[in-house]
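**Student:** Below is the file query_27.cif, with mmCIF, C-alpha atoms and all ligand atoms.
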```
data_my_file
#
loop_
_atom_site.label_atom_id
_atom_site.label_comp_id
_atom_site.auth_asym_id
_atom_site.auth_seq_id
_atom_site.Cartn_x
_atom_site.Cartn_y
_atom_site.Cartn_z
CA MET R 26 12.38 -18.44 -27.27
CA THR R 27 12.13 -17.67 -23.55
CA VAL R 28 8.49 -17.37 -22.60
CA PRO R 29 8.29 -14.71 -19.86
CA ILE R 30 6.37 -14.75 -16.58
CA ALA R 31 3.59 -12.16 -16.26
CA ILE R 32 3.11 -10.23 -13.05
CA ILE R 33 -0.11 -8.28 -12.57
CA GLY R 34 0.37 -5.44 -10.09
CA ALA R 35 3.38 -3.15 -9.57
CA GLY R 36 2.74 -2.61 -5.87
CA ILE R 37 5.39 -3.76 -3.43
CA ALA R 38 4.21 -7.40 -3.55
CA GLY R 39 4.35 -7.64 -7.35
CA LEU R 40 7.72 -5.90 -7.54
CA SER R 41 9.12 -8.04 -4.72
CA ALA R 42 8.15 -11.14 -6.73
CA ALA R 43 9.46 -9.60 -9.97
CA GLN R 44 12.86 -8.79 -8.43
CA ALA R 45 13.24 -12.26 -6.93
CA LEU R 46 12.30 -13.97 -10.20
CA GLN R 47 14.60 -11.74 -12.24
CA ALA R 48 17.45 -12.36 -9.79
CA ALA R 49 16.91 -16.10 -10.38
CA GLY R 50 17.38 -15.61 -14.13
CA GLN R 51 13.71 -15.50 -15.16
CA THR R 52 12.29 -13.01 -17.64
CA VAL R 53 9.31 -11.13 -16.26
CA GLN R 54 6.84 -8.62 -17.61
CA VAL R 55 4.84 -6.47 -15.17
CA PHE R 56 1.44 -4.84 -15.76
CA ASP R 57 -0.27 -2.17 -13.67
CA LYS R 58 -3.45 -0.23 -14.21
CA GLY R 59 -1.98 2.84 -12.48
CA ARG R 60 0.17 5.57 -14.00
CA GLY R 61 3.08 4.60 -11.77
CA SER R 62 4.23 1.95 -9.34
CA GLY R 63 3.47 1.58 -5.65
CA GLY R 64 -0.28 0.96 -5.41
CA ARG R 65 -1.18 1.63 -1.79
CA MET R 66 2.40 2.80 -1.15
CA ALA R 67 2.20 5.43 -3.89
CA SER R 68 2.37 9.15 -3.13
CA LYS R 69 -0.10 11.56 -4.66
CA ARG R 70 1.21 14.64 -6.44
CA SER R 71 -0.81 17.68 -5.39
CA ASP R 72 -0.62 21.47 -5.14
CA ALA R 73 0.82 20.92 -1.67
CA GLY R 74 3.62 18.67 -2.98
CA ALA R 75 3.80 14.88 -3.07
CA LEU R 76 1.82 13.43 -0.18
CA ASP R 77 1.87 9.96 1.34
CA LEU R 78 -1.87 9.28 1.40
CA GLY R 79 -1.66 5.49 1.71
CA ALA R 80 1.05 3.71 3.69
CA GLN R 81 2.44 6.20 6.19
CA TYR R 82 5.54 4.38 7.34
CA PHE R 83 6.51 0.77 7.81
CA THR R 84 8.16 -1.39 10.40
CA ALA R 85 10.49 -4.34 9.75
CA ARG R 86 10.29 -7.38 12.02
CA ASP R 87 11.11 -10.36 9.80
CA ARG R 88 14.86 -10.93 9.34
CA ARG R 89 14.57 -11.04 5.51
CA PHE R 90 12.70 -7.75 5.38
CA VAL R 91 15.13 -6.14 7.84
CA GLU R 92 17.90 -7.07 5.39
CA GLN R 93 15.95 -5.58 2.47
CA VAL R 94 15.38 -2.34 4.38
CA ARG R 95 19.11 -2.14 5.10
CA HIS R 96 19.70 -2.39 1.36
CA TRP R 97 17.20 0.44 0.66
CA LEU R 98 18.89 2.48 3.37
CA ASP R 99 22.27 2.04 1.63
CA GLU R 100 20.67 3.02 -1.68
CA GLY R 101 19.21 6.15 -0.09
CA SER R 102 15.56 5.32 -0.82
CA VAL R 103 14.48 5.00 2.84
CA GLN R 104 15.21 6.75 6.13
CA ALA R 105 13.93 6.37 9.65
CA TRP R 106 11.13 8.72 10.68
CA LYS R 107 11.14 9.62 14.36
CA PRO R 108 7.91 11.53 14.90
CA GLN R 109 6.75 13.08 18.14
CA LEU R 110 3.99 10.55 18.66
CA TYR R 111 0.78 11.08 20.55
CA ASN R 112 -2.14 8.92 21.53
CA TYR R 113 -5.74 10.16 21.67
CA ARG R 114 -8.20 8.20 23.77
CA ASP R 115 -11.42 9.17 25.58
CA GLY R 116 -10.96 12.78 24.58
CA VAL R 117 -7.46 12.96 26.08
CA LEU R 118 -4.33 13.64 24.05
CA THR R 119 -1.10 12.35 25.55
CA PRO R 120 2.47 12.06 24.27
CA SER R 121 3.16 8.42 23.46
CA PRO R 122 6.87 8.02 22.68
CA ASP R 123 8.27 4.57 21.94
CA GLU R 124 11.39 2.81 20.68
CA GLN R 125 9.92 1.41 17.44
CA THR R 126 11.89 2.18 14.26
CA ARG R 127 9.55 3.43 11.54
CA TRP R 128 10.76 3.71 7.93
CA VAL R 129 9.62 6.03 5.14
CA GLY R 130 10.57 6.42 1.47
CA ILE R 131 12.81 9.37 0.54
CA PRO R 132 11.73 11.95 -0.61
CA ARG R 133 8.31 10.26 -0.66
CA MET R 134 6.90 6.80 -0.11
CA SER R 135 6.75 6.01 -3.83
CA ALA R 136 10.57 6.25 -4.07
CA ILE R 137 10.84 2.68 -2.80
CA THR R 138 8.87 0.97 -5.55
CA ARG R 139 10.28 3.45 -8.09
CA GLY R 140 13.74 2.17 -7.13
CA MET R 141 12.60 -1.45 -7.37
CA LEU R 142 11.56 -1.00 -11.01
CA GLY R 143 15.23 -1.11 -12.09
CA ASP R 144 15.33 -2.50 -15.63
CA LEU R 145 12.09 -4.48 -15.31
CA THR R 146 9.71 -4.35 -18.27
CA VAL R 147 6.54 -2.70 -16.97
CA SER R 148 3.37 -1.63 -18.81
CA PHE R 149 1.56 1.11 -16.88
CA GLY R 150 -2.01 2.25 -17.52
CA CYS R 151 -2.85 -1.34 -18.43
CA ARG R 152 -5.76 -2.85 -16.49
CA ILE R 153 -5.90 -6.60 -16.92
CA THR R 154 -9.45 -7.90 -17.11
CA GLU R 155 -8.87 -11.56 -17.95
CA VAL R 156 -6.19 -14.20 -17.53
CA PHE R 157 -6.76 -17.13 -19.85
CA ARG R 158 -4.95 -20.13 -21.20
CA GLY R 159 -4.24 -20.78 -24.85
CA GLN R 160 -3.12 -24.18 -26.10
CA GLN R 161 0.07 -24.12 -24.10
CA TYR R 162 0.62 -20.69 -22.59
CA TRP R 163 -1.14 -17.94 -20.67
CA HIS R 164 -2.50 -14.74 -22.19
CA LEU R 165 -3.80 -11.55 -20.60
CA GLN R 166 -6.57 -9.37 -21.91
CA ASP R 167 -6.65 -5.69 -20.91
CA ALA R 168 -9.51 -3.22 -20.55
CA ASP R 169 -8.81 -1.81 -24.05
CA GLY R 170 -9.30 -5.26 -25.55
CA CYS R 171 -5.58 -5.84 -26.24
CA ASN R 172 -4.04 -9.26 -25.78
CA HIS R 173 -0.67 -9.79 -24.09
CA GLY R 174 1.33 -13.00 -24.15
CA PRO R 175 2.32 -15.74 -24.33
CA PHE R 176 3.43 -16.22 -20.71
CA SER R 177 4.64 -19.40 -19.07
CA ARG R 178 3.19 -18.48 -15.68
CA VAL R 179 1.19 -15.65 -14.11
CA VAL R 180 1.62 -14.02 -10.71
CA ILE R 181 -1.40 -11.98 -9.62
CA ALA R 182 -0.34 -9.33 -7.09
CA VAL R 183 -3.46 -7.21 -6.59
CA PRO R 184 -5.89 -6.86 -3.65
CA ALA R 185 -8.00 -10.00 -3.07
CA PRO R 186 -11.32 -8.68 -4.49
CA GLN R 187 -9.51 -7.65 -7.68
CA ALA R 188 -7.59 -10.95 -7.80
CA THR R 189 -10.73 -13.10 -7.63
CA PRO R 190 -11.95 -12.67 -11.25
CA LEU R 191 -8.37 -12.96 -12.56
CA LEU R 192 -8.07 -16.35 -10.85
CA ALA R 193 -11.02 -17.85 -12.75
CA TRP R 194 -8.80 -20.63 -14.18
CA ALA R 195 -7.82 -21.71 -10.66
CA PRO R 196 -11.24 -21.96 -8.94
CA LYS R 197 -9.75 -23.10 -5.62
CA LEU R 198 -7.53 -20.02 -5.38
CA ALA R 199 -10.37 -17.81 -6.60
CA GLY R 200 -12.53 -19.19 -3.78
CA ILE R 201 -9.88 -18.38 -1.17
CA ALA R 202 -9.39 -14.84 -2.53
CA ALA R 203 -13.18 -14.32 -2.64
CA GLY R 204 -13.33 -15.12 1.08
CA VAL R 205 -10.95 -12.28 1.99
CA GLN R 206 -12.75 -9.17 3.10
CA MET R 207 -10.92 -5.91 2.53
CA GLU R 208 -11.83 -2.72 4.38
CA PRO R 209 -11.86 0.81 2.96
CA THR R 210 -10.09 3.91 4.28
CA TRP R 211 -10.95 7.53 3.61
CA ALA R 212 -7.77 9.65 3.60
CA VAL R 213 -7.82 13.44 3.81
CA ALA R 214 -4.93 15.91 3.45
CA LEU R 215 -5.21 19.40 4.95
CA GLY R 216 -2.56 22.04 4.25
CA PHE R 217 -2.09 25.15 6.40
CA ALA R 218 -0.12 28.25 5.40
CA GLU R 219 0.94 28.83 9.03
CA PRO R 220 2.25 25.83 10.96
CA LEU R 221 -0.21 24.56 13.56
CA GLN R 222 0.93 25.34 17.09
CA THR R 223 1.45 21.78 18.22
CA PRO R 224 4.57 19.65 18.63
CA MET R 225 2.58 16.61 17.44
CA GLN R 226 3.89 14.85 14.33
CA GLY R 227 1.91 11.62 14.43
CA CYS R 228 -1.04 10.41 16.47
CA PHE R 229 -2.77 7.06 17.02
CA VAL R 230 -6.45 7.77 17.64
CA GLN R 231 -8.94 5.53 19.46
CA ASP R 232 -12.75 5.65 19.75
CA ASN R 233 -13.09 8.28 17.05
CA PRO R 234 -13.94 8.49 13.34
CA LEU R 235 -10.21 9.09 12.81
CA ASP R 236 -7.59 6.48 13.58
CA TRP R 237 -4.33 8.18 12.49
CA LEU R 238 -2.87 11.65 11.90
CA ALA R 239 0.53 12.54 10.46
CA ARG R 240 2.35 15.78 9.80
CA ASN R 241 3.70 15.01 6.34
CA ARG R 242 6.68 17.37 6.42
CA SER R 243 7.96 15.94 9.70
CA LYS R 244 9.12 12.99 7.61
CA PRO R 245 12.73 13.23 6.41
CA GLY R 246 13.43 14.65 2.94
CA ARG R 247 10.11 16.49 2.49
CA ASP R 248 10.21 20.16 1.49
CA GLU R 249 6.59 21.29 1.29
CA HIS R 250 5.78 24.96 1.80
CA LEU R 251 2.52 24.16 3.64
CA ASP R 252 2.10 22.41 6.98
CA THR R 253 0.19 19.46 5.54
CA TRP R 254 -1.53 16.83 7.67
CA VAL R 255 -2.73 13.43 6.50
CA LEU R 256 -5.79 12.08 8.33
CA HIS R 257 -7.06 8.51 8.06
CA ALA R 258 -10.59 7.53 9.05
CA THR R 259 -11.28 4.16 10.67
CA SER R 260 -12.49 1.25 8.54
CA ASP R 261 -15.94 1.50 10.19
CA TRP R 262 -16.35 5.20 9.50
CA SER R 263 -15.03 4.79 5.96
CA ARG R 264 -17.46 1.93 5.25
CA GLN R 265 -20.39 3.87 6.67
CA HIS R 266 -19.48 6.95 4.59
CA ILE R 267 -18.22 5.14 1.53
CA ASP R 268 -20.28 7.21 -0.96
CA LEU R 269 -20.13 10.54 0.84
CA PRO R 270 -19.00 13.32 -1.54
CA LYS R 271 -15.34 14.27 -1.02
CA GLU R 272 -16.15 17.83 0.18
CA GLN R 273 -18.27 16.40 2.99
CA VAL R 274 -15.64 13.85 3.93
CA ILE R 275 -13.11 16.69 4.20
CA GLU R 276 -15.50 18.82 6.25
CA GLN R 277 -16.35 16.05 8.71
CA LEU R 278 -12.80 14.82 9.22
CA TRP R 279 -11.52 18.41 9.44
CA GLY R 280 -14.01 18.86 12.31
CA GLU R 281 -12.78 15.76 14.14
CA PHE R 282 -9.18 16.83 13.63
CA ALA R 283 -9.82 20.38 14.89
CA GLU R 284 -11.46 18.97 18.00
CA LEU R 285 -8.69 16.57 18.96
CA VAL R 286 -5.46 18.28 17.90
CA GLY R 287 -5.41 20.61 20.91
CA CYS R 288 -4.62 23.91 19.17
CA VAL R 289 -6.40 26.44 16.96
CA VAL R 290 -7.02 25.02 13.49
CA PRO R 291 -7.70 27.68 10.83
CA ALA R 292 -9.40 26.98 7.52
CA ALA R 293 -7.14 24.83 5.37
CA THR R 294 -5.40 26.50 2.42
CA PHE R 295 -5.40 23.16 0.67
CA SER R 296 -7.46 20.02 1.03
CA LEU R 297 -8.08 16.78 -0.77
CA ALA R 298 -9.76 13.45 -0.07
CA HIS R 299 -8.89 10.05 -1.43
CA ARG R 300 -10.92 6.87 -1.01
CA TRP R 301 -9.01 3.61 -0.74
CA LEU R 302 -11.63 0.95 -1.46
CA TYR R 303 -9.38 -1.99 -0.60
CA ALA R 304 -7.13 -0.47 2.03
CA ARG R 305 -6.58 -3.41 4.34
CA PRO R 306 -7.61 -7.03 4.81
CA ALA R 307 -10.06 -7.47 7.71
CA GLY R 308 -7.68 -10.02 9.30
CA ASN R 309 -4.24 -11.58 8.99
CA HIS R 310 -3.53 -14.88 7.24
CA GLU R 311 -0.58 -17.22 7.15
CA TRP R 312 -0.74 -18.35 3.54
CA GLY R 313 2.44 -16.60 2.42
CA SER R 314 1.06 -16.72 -1.13
CA LEU R 315 -1.40 -18.86 -3.10
CA ALA R 316 -0.23 -21.33 -5.73
CA ASP R 317 -1.72 -23.64 -8.34
CA PRO R 318 1.53 -25.14 -9.66
CA ASP R 319 -0.20 -27.39 -12.21
CA GLN R 320 -1.82 -24.40 -13.85
CA GLY R 321 1.13 -22.07 -13.24
CA LEU R 322 -0.99 -19.46 -11.46
CA TYR R 323 0.13 -17.65 -8.29
CA ALA R 324 -1.35 -14.91 -6.13
CA CYS R 325 0.35 -12.70 -3.58
CA GLY R 326 -0.22 -9.45 -1.71
CA ASP R 327 -0.57 -8.13 1.82
CA TRP R 328 -3.85 -10.07 2.20
CA CYS R 329 -1.90 -13.39 2.16
CA LEU R 330 -0.05 -12.38 5.36
CA SER R 331 -0.46 -9.14 7.29
CA GLY R 332 -2.04 -5.98 5.87
CA ARG R 333 1.25 -4.12 6.06
CA VAL R 334 4.10 -3.20 3.74
CA GLU R 335 6.26 -5.91 5.27
CA GLY R 336 3.53 -8.54 4.75
CA ALA R 337 3.15 -7.54 1.09
CA TRP R 338 6.90 -7.69 0.40
CA LEU R 339 7.22 -11.08 2.12
CA SER R 340 4.24 -12.42 0.18
CA GLY R 341 5.89 -11.45 -3.12
CA GLN R 342 9.06 -13.27 -2.04
CA ASP R 343 7.00 -16.32 -1.10
CA ALA R 344 5.22 -16.42 -4.48
CA ALA R 345 8.55 -16.20 -6.32
CA LYS R 346 10.07 -18.92 -4.18
CA ARG R 347 7.15 -21.26 -4.79
CA LEU R 348 7.12 -20.59 -8.50
CA LEU R 349 10.88 -21.23 -8.78
CA SER R 350 10.54 -24.48 -6.81
CA HIS R 351 7.96 -25.68 -9.37
CA LEU R 352 10.17 -25.13 -12.42
CA ASP R 353 11.43 -28.26 -14.14
P1 LIG V 1 -1.11 -2.80 -3.75
O1 LIG V 1 -0.21 -1.76 -3.22
O2 LIG V 1 -2.58 -2.55 -3.70
O3 LIG V 1 -0.65 -3.08 -5.27
C1 LIG V 1 -1.49 -3.68 -6.22
C2 LIG V 1 -1.23 -3.04 -7.57
O4 LIG V 1 -2.01 -3.74 -8.53
C3 LIG V 1 -1.64 -1.58 -7.66
O5 LIG V 1 -0.56 -0.80 -8.13
C4 LIG V 1 -2.83 -1.56 -8.62
O6 LIG V 1 -2.84 -0.40 -9.45
C5 LIG V 1 -2.56 -2.81 -9.44
N1 LIG V 1 -3.78 -3.46 -10.00
C6 LIG V 1 -4.92 -3.81 -9.34
N2 LIG V 1 -5.77 -4.44 -10.18
C7 LIG V 1 -5.14 -4.49 -11.39
C8 LIG V 1 -5.51 -5.01 -12.66
N3 LIG V 1 -6.69 -5.61 -12.86
N4 LIG V 1 -4.63 -4.88 -13.69
C9 LIG V 1 -3.44 -4.24 -13.52
N5 LIG V 1 -3.04 -3.75 -12.33
C10 LIG V 1 -3.88 -3.87 -11.28
N6 LIG V 1 1.13 -0.50 5.71
C11 LIG V 1 2.10 -0.29 6.61
O7 LIG V 1 3.00 -1.16 6.76
N7 LIG V 1 2.17 0.86 7.35
C12 LIG V 1 1.24 1.84 7.23
O8 LIG V 1 1.33 2.90 7.86
C13 LIG V 1 0.18 1.63 6.31
N8 LIG V 1 -0.80 2.56 6.18
C14 LIG V 1 -1.73 2.41 5.21
C15 LIG V 1 -2.67 3.41 5.02
C16 LIG V 1 -3.61 3.31 4.00
C17 LIG V 1 -4.63 4.39 3.82
C18 LIG V 1 -3.58 2.20 3.12
C19 LIG V 1 -4.54 2.11 1.98
C20 LIG V 1 -2.66 1.18 3.32
C21 LIG V 1 -1.73 1.28 4.37
N9 LIG V 1 -0.81 0.27 4.62
C22 LIG V 1 0.18 0.45 5.55
C23 LIG V 1 -0.87 -1.01 3.89
C24 LIG V 1 0.16 -1.09 2.75
O9 LIG V 1 0.08 0.07 1.98
C25 LIG V 1 -0.18 -2.33 1.94
O10 LIG V 1 -0.15 -3.47 2.78
C26 LIG V 1 0.79 -2.59 0.78
O11 LIG V 1 1.18 -1.40 0.13
C27 LIG V 1 0.11 -3.57 -0.17
O12 LIG V 1 0.93 -3.87 -1.27
P2 LIG V 1 0.44 -4.86 -2.41
O13 LIG V 1 1.51 -4.90 -3.43
O14 LIG V 1 -0.01 -6.14 -1.78
O15 LIG V 1 -0.88 -4.20 -3.01
P1 LIG V 2 3.29 0.15 14.58
O1 LIG V 2 4.01 -0.85 15.39
O2 LIG V 2 3.74 1.56 14.61
O3 LIG V 2 1.74 0.19 14.98
C1 LIG V 2 0.89 -0.89 15.25
C2 LIG V 2 -0.25 -0.42 16.13
O4 LIG V 2 0.23 -0.33 17.49
C3 LIG V 2 -0.80 0.98 15.82
O5 LIG V 2 -1.89 0.93 14.91
C4 LIG V 2 -1.24 1.48 17.17
O6 LIG V 2 -2.54 1.02 17.46
C5 LIG V 2 -0.29 0.81 18.14
N1 LIG V 2 0.85 1.69 18.51
C6 LIG V 2 2.13 1.55 18.07
N2 LIG V 2 2.92 2.49 18.63
C7 LIG V 2 2.14 3.23 19.43
C8 LIG V 2 2.39 4.34 20.26
N3 LIG V 2 3.60 4.89 20.37
N4 LIG V 2 1.35 4.86 20.96
C9 LIG V 2 0.12 4.33 20.85
N5 LIG V 2 -0.18 3.27 20.07
C10 LIG V 2 0.81 2.72 19.35
O7 LIG V 2 3.29 -0.28 13.03
P2 LIG V 2 2.92 -1.63 12.26
O8 LIG V 2 2.69 -2.78 13.18
O9 LIG V 2 3.91 -1.78 11.19
O10 LIG V 2 1.52 -1.28 11.65
C11 LIG V 2 1.36 -0.44 10.56
C12 LIG V 2 0.37 0.65 10.73
O11 LIG V 2 -0.29 0.79 9.48
C13 LIG V 2 -0.71 0.39 11.76
O12 LIG V 2 -0.90 1.58 12.47
C14 LIG V 2 -1.94 0.12 10.92
O13 LIG V 2 -3.14 0.56 11.55
C15 LIG V 2 -1.66 0.98 9.70
N6 LIG V 2 -2.40 0.53 8.53
C16 LIG V 2 -3.40 1.33 8.11
C17 LIG V 2 -4.18 0.97 7.05
C18 LIG V 2 -5.29 1.85 6.64
O14 LIG V 2 -5.99 1.52 5.70
N7 LIG V 2 -5.52 2.97 7.30
C19 LIG V 2 -3.92 -0.24 6.28
C20 LIG V 2 -2.83 -1.03 6.80
C21 LIG V 2 -2.08 -0.63 7.88
#
```
Can you turn what I pasted into structure tokens?
Ligand code: FAD
Ligand code: NAI

**Tutor:**
Amino acid sequence: MTVPIAIIGAGIAGLSAAQALQAAGQTVQVFDKGRGSGGRMASKRSDAGALDLGAQYFTARDRRFVEQVRHWLDEGSVQAWKPQLYNYRDGVLTPSPDEQTRWVGIPRMSAITRGMLGDLTVSFGCRITEVFRGQQYWHLQDADGCNHGPFSRVVIAVPAPQATPLLAWAPKLAGIAAGVQMEPTWAVALGFAEPLQTPMQGCFVQDNPLDWLARNRSKPGRDEHLDTWVLHATSDWSRQHIDLPKEQVIEQLWGEFAELVGCVVPAATFSLAHRWLYARPAGNHEWGSLADPDQGLYACGDWCLSGRVEGAWLSGQDAAKRLLSHLD
């Protein structure tokens, strides 16, 4: 009998590891507490269409990731987004064009991880609460009290604060994960029946409760009927307003948006708020991934490198590479 490898988390890090392990001939089984794949790269279905509320776009700088993006491009799951970019600083809005290539999933961000699922075995809606060792193999317990296993090894691909309790059998790794601080982000979407009278399609914002704005339908492949904008608050603002009711978050960020966007902003036809508790690690690390080869436990995710899509994908590759190098 082949004893499979368990992967907890079907975000881009977990699926990157799963693909690499499967390509090397290993059998893997993936678990995610969400209804679908993607985690912070998922898109939220709403009355205004599917909206990218988490990762907005991504850049590719590492050669291996550039190659992967080329593959997604050939498959048709990504395209370049070339927004009219602005910068807002000290109350002044200025065009801020650049040469950076920014990639988005087609027709929404979640298309990328959806495509990565391939023929992987994935259990959705399954929140793992405990990773424990039997006589020889690993077992997982989920929030409904069900047991899954046996597994020869376990790769934990969830944000650091959620990884910590799952790493209880590898106290050194648990200690490292516990030391990673992750910052929240409040995201708001506002949809307008009439397009706002601005050429702006994306904006980096400084010295403000907001730090980013994007016009969702300026991304390729979107076909929403509303002119929907995604606003992200800074980590500081989000932390300070972490328990604010959603209606108030929408009202306050709508106000900031209306003030800075430089055109008349009517009442929104559609609005929603989403709180990302573990949006980004407070700093970058150079761990690649974490490994306890004797136990057969591994951890990966954006928090092991940079808090970006590229960092998460590379971390998954790193975990798979280390695990494969430890096989007999
Ligand atoms: P995640 O995407 O968090 O995946 C972890 C998965 O594990 C999730 O699917 C979750 O449901 C699952 N999970 C967690 N706990 C359990 C459990 N106990 N049992 C089972 N499953 C579990 N990056 C960029 O490059 N560009 C951007 O523009 C950008 N903007 C961002 C904006 C926001 C608001 C946010 C939140 C993030 C943004 N990022 C951006 C960061 C990027 O989204 C992340 O770096 C990347 O998606 C992280 O991937 P991951 O696989 O490490 O983690
Ligand atoms: P990038 O190269 O486009 O941006 C990096 C940073 O450079 C930007 O945050 C911005 O400050 C600055 N910048 C880039 N181009 C600019 C321009 N034309 N005008 C003015 N400033 C510009 O993308 P990269 O390096 O891939 O970073 C990913 C993005 O994801 C970052 O903007 C980051 O803040 C964001 N992010 C947001 C998270 C959240 O929770 N809100 C979590 C993780 C990443």

**Student:** One number please: atom CA of Cys325 of chain R to atom CA of Ala38 of chain R, in Å, one decimal.

**Tutor:**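 Atom CA of Ala38 of chain R lies 6.6 Å from atom CA of Cys325 of chain R.
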
**Student:** With 3 Å of padding per side, what axis-aligned box (centre and edge lengths, Å, one decimal) covers all the listed atoms of segment 130-135 of chain R? Give it as lines of an AutoDock Vina configuration file.

**Tutor:**
```
center_x = 9.8
center_y = 9.0
center_z = -1.2
size_x = 12.1
size_y = 11.9
size_z = 11.3
```

**Student:** What does the distance between atom CA of Gln265 of chain R and atom C15 of ligand LIG 1 (chain V) come to in Å, to one decimal place?

**Tutor:**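 These atoms are spaced 17.8 Å apart.
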
**Student:** Excluding same-chain residues fewer than 2 positions from segment 75-78 of chain R, what lies within 9 Å of it counting all atoms listed in the file, as a PyMOL selection string?

**Tutor:** chain R and resi 65-73+80-82+132-135+212-214+241+247+249+253+255-257+299

**Student:** Using all atoms listed in the file, which residues sit within 12 Å of Cys171 of chain R once same-chain residues fewer than 3 positions away are excluded, as a PyMOL selection string?

**Tutor:** chain R and resi 151-155+164-168+174

**Student:** Enumerate residues in contact with ligand LIG 1 (chain V): an atom-to-atom distance of at most 7 Å, counting all atoms listed in the file. Format the result as a VMD selection string.

**Tutor:** chain R and resid 33 to 39 56 to 59 62 to 66 78 to 84 151 to 154 182 to 184 187 210 212 257 301 303 to 305 325 to 328 332 to 337

**Student:** Between R:Ala324, R:Ala31, R:Trp338, R:Ala105, which one has atoms that come closest to Ile181 of chain R, using only C-alpha atoms?

**Tutor:**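 Going through R:Ala324, R:Ala31, R:Trp338, R:Ala105 one by one, the smallest distance to Ile181 of chain R is for R:Ala324.
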
**Student:** Could you write segment 103-116 of chain R as a CSV table (one decimal), in the frame of the given file, with N, CA and C atoms rebuilt where they are missing?

**Tutor:**
```
chain,number,residue,atom,x,y,z
R,103,VAL,N,15.3,4.9,1.6
R,103,VAL,CA,14.5,5.0,2.8
R,103,VAL,C,15.3,5.7,3.9
R,104,GLN,N,14.6,6.2,4.9
R,104,GLN,CA,15.2,6.8,6.1
R,104,GLN,C,14.3,6.5,7.3
R,105,ALA,N,14.8,6.5,8.5
R,105,ALA,CA,13.9,6.4,9.6
R,105,ALA,C,13.2,7.7,9.9
R,106,TRP,N,11.9,7.6,10.3
R,106,TRP,CA,11.1,8.7,10.7
R,106,TRP,C,10.9,8.6,12.2
R,107,LYS,N,11.3,9.7,12.9
R,107,LYS,CA,11.1,9.6,14.4
R,107,LYS,C,10.2,10.7,14.8
R,108,PRO,N,8.9,10.5,14.6
R,108,PRO,CA,7.9,11.5,14.9
R,108,PRO,C,7.7,11.7,16.4
R,109,GLN,N,7.3,12.9,16.8
R,109,GLN,CA,6.8,13.1,18.1
R,109,GLN,C,5.4,12.5,18.1
R,110,LEU,N,5.2,11.3,18.7
R,110,LEU,CA,4.0,10.6,18.7
R,110,LEU,C,3.1,10.9,19.8
R,111,TYR,N,1.8,10.9,19.5
R,111,TYR,CA,0.8,11.1,20.6
R,111,TYR,C,-0.2,9.9,20.5
R,112,ASN,N,-1.0,9.9,21.5
R,112,ASN,CA,-2.1,8.9,21.5
R,112,ASN,C,-3.4,9.7,22.0
R,113,TYR,N,-4.5,9.5,21.3
R,113,TYR,CA,-5.7,10.2,21.7
R,113,TYR,C,-6.8,9.1,22.0
R,114,ARG,N,-7.2,9.2,23.3
R,114,ARG,CA,-8.2,8.2,23.8
R,114,ARG,C,-9.1,8.9,24.8
R,115,ASP,N,-10.4,8.6,24.7
R,115,ASP,CA,-11.4,9.2,25.6
R,115,ASP,C,-11.3,10.7,25.7
R,116,GLY,N,-11.0,11.3,24.6
R,116,GLY,CA,-11.0,12.8,24.6
R,116,GLY,C,-9.7,13.3,25.2
```
